[in-house]
Amino acid sequence: MLSRVLGGGWVLLAMAFAATTLGVAVGSAAGIYAAYVRGRIDGLVMRTVDVLLAFPQIIFALLLVSLVGPKLWLIVLAVGISHLPQVARVLRSATLDLSERDFIKVLELQGMRTHRIITKELLPNLVSPLMVEIGIRLTYSIIIISGLSFLGFGPQPPAANWGTMINTNRVAIVANPWGVVVPALLIALLTIGTNTFTDAVARVTIGLERRTEEAALLESAPT
Amino acid sequence: MVVVTGRLTAKRPHPIAQLLWRRAALGVATLLVVATIVFLATEVLPGNAAYAILGHTASRARVIALEHQLHLNRGIFDQYWIWLTGLLSGRLGDSLANGMPVWGQVEPRLVNSAFLVLVSGAIGTVLGVGLGALAALRKDSFFDHASSVVFLGVAALPTFVVAIALIILLSTLVFHLLPAVSMISPGTYAWSQPRLMVLPVTTLVLIIVPYMQRMTRAAMVEALESDYVEMARLKGLSERRVVLVHALPNAVGPTIQVIGLVFLYLAGGIVVVETVFDFPGIGQGLVNAVADRDLPVIQIIVLILAAFYVVINILTDVIALLATPRRRIAR
């Protein structure tokens, strides 16, 4: 029982990390590049973001899973893609502010190449929004993957996670409450932990930029 | 000179009407792209869709019959055209799971879900805005700090964990106050059995209140610390008047954006909540359809949710614009 519970947590965390990495890496690359080069590419990226946003995250994942089946890699891919539009939006607006700064303009006039400006100058200055995004998306990844598993569309038994356990033990909740209570508590602890961590990171970075917490919170409203 | 420019601007359409038209056109375009993606996604199914639905043991004759029913024997553009025109003229086809017309089974679910979302959204908005404004007015008090900590914790909980916790607490292990399942009898709508609505609504309210509280508090704190509120205070106005007349109207704009986001969030949240409580809405309908690979039903429900997203987005943008005095003037 204990080994099943621990194994389930391991699978859930590994999948959540993979989906977060995929979503934040691709989403921020698209957002930063679009904001820096502007023009047609920016328009194209933002219209794609608009279309993707029209699918609620869990529904996008459900749609993909319904077409190919509950494969582990597919769930990771679906959740990762469903993060793309939000990440791209946040990083795009952060980059828009940054790329108007004088030190970027100077480097442009000196003839620095676009990809060098992005990797050597913009990226190091975007570490704080990136950290916050990683935290938010990790929490959401855990929520969506365990939610899909709970609905019965998770990875199949050898890779069963806490969501799957709640789903299978739910019918016997009165006879064996621990089968539901333990995985539910563990998921709650995990998401509360990642969320508190994200909140702490956000507060620290807000302090660094010397803005009121409220103003920053309003601007970073997820969409 | 002033008069001339005034006349020129008067001939142009009102900026808000213009914005409304642009957003509506963009919304329709978005929906069309979404419809195409949904169609293509169901089209790129690995292997033959008919086999996928019937299973690989199906007889050749049944596969051919289904291929005809789904128009799979035609070219992809023909299929797309048949599907799109059918969609626009209201011929949505039959469910693959039970052969009944799709709209006949989606419509009652849509009504139930809309009711669930409206009730939860309304209660959640009132509670969230109220608690947020209260926390902002008593900034740094014990109430403010305590509610921040509690809501930070609750905000992180997945919907199904909240639902399971409520079931354990209120209907199985601890107390036996409410039914654990919300199976509305067929042929009646959700509002005829309010007792069955309590747990699903409570779950959704608990999910959205933390977010609403946090954003309302932020908007209100920002408004209370602004120059015009300080000016109003310096003029010697009563605190009541300062809050109600000077601070509150300026916090309404951001709060409306948040209410829009909350309703969008609910559109995803109903999938889990309706499944946990066996509530007959489109969320549960989607989960069942995905389990049965009932493509026509999946397509319709995904499109309905996408349309909901587009409409809510346009509405919140326009209302927020109208509610924000300094952005109402044409630039």
# chains A, B, ... in the order shown; residues from 1 in each chain; ligands from 1

call {"tool": "closest_atom_pairs", "arguments": {"of": "region 154-258 of chain B", "to": "region 116-128 of chain B", "cutoff": "6 Å", "atoms": "only C-alpha atoms", "output": "tab-separated table"}}
result
residue	atom	partner	partner_atom	distance
B:Val201	CA	B:Ser120	CA	5.2
B:Val205	CA	B:Gly124	CA	4.8
B:Val209	CA	B:Gly128	CA	4.7
B:Met212	CA	B:Gly128	CA	4.8
B:Gln213	CA	B:Gly128	CA	4.4

call {"tool": "interface_residues", "arguments": {"of": "chain B", "to": "chain A", "cutoff": "6 Å", "atoms": "only C-alpha atoms", "output": "ChimeraX atom specification"}}
result
/B:30,153,156-158,161,218,268,290,306,309

call {"tool": "residues_around", "arguments": {"residues": "Glu274 (chain B)", "least_positions_apart": "5", "cutoff": "7 Å", "atoms": "only C-alpha atoms", "output": "list in words"}}
result
Phe279, Pro280, Gly281, Gly283 and Gln284 of chain B
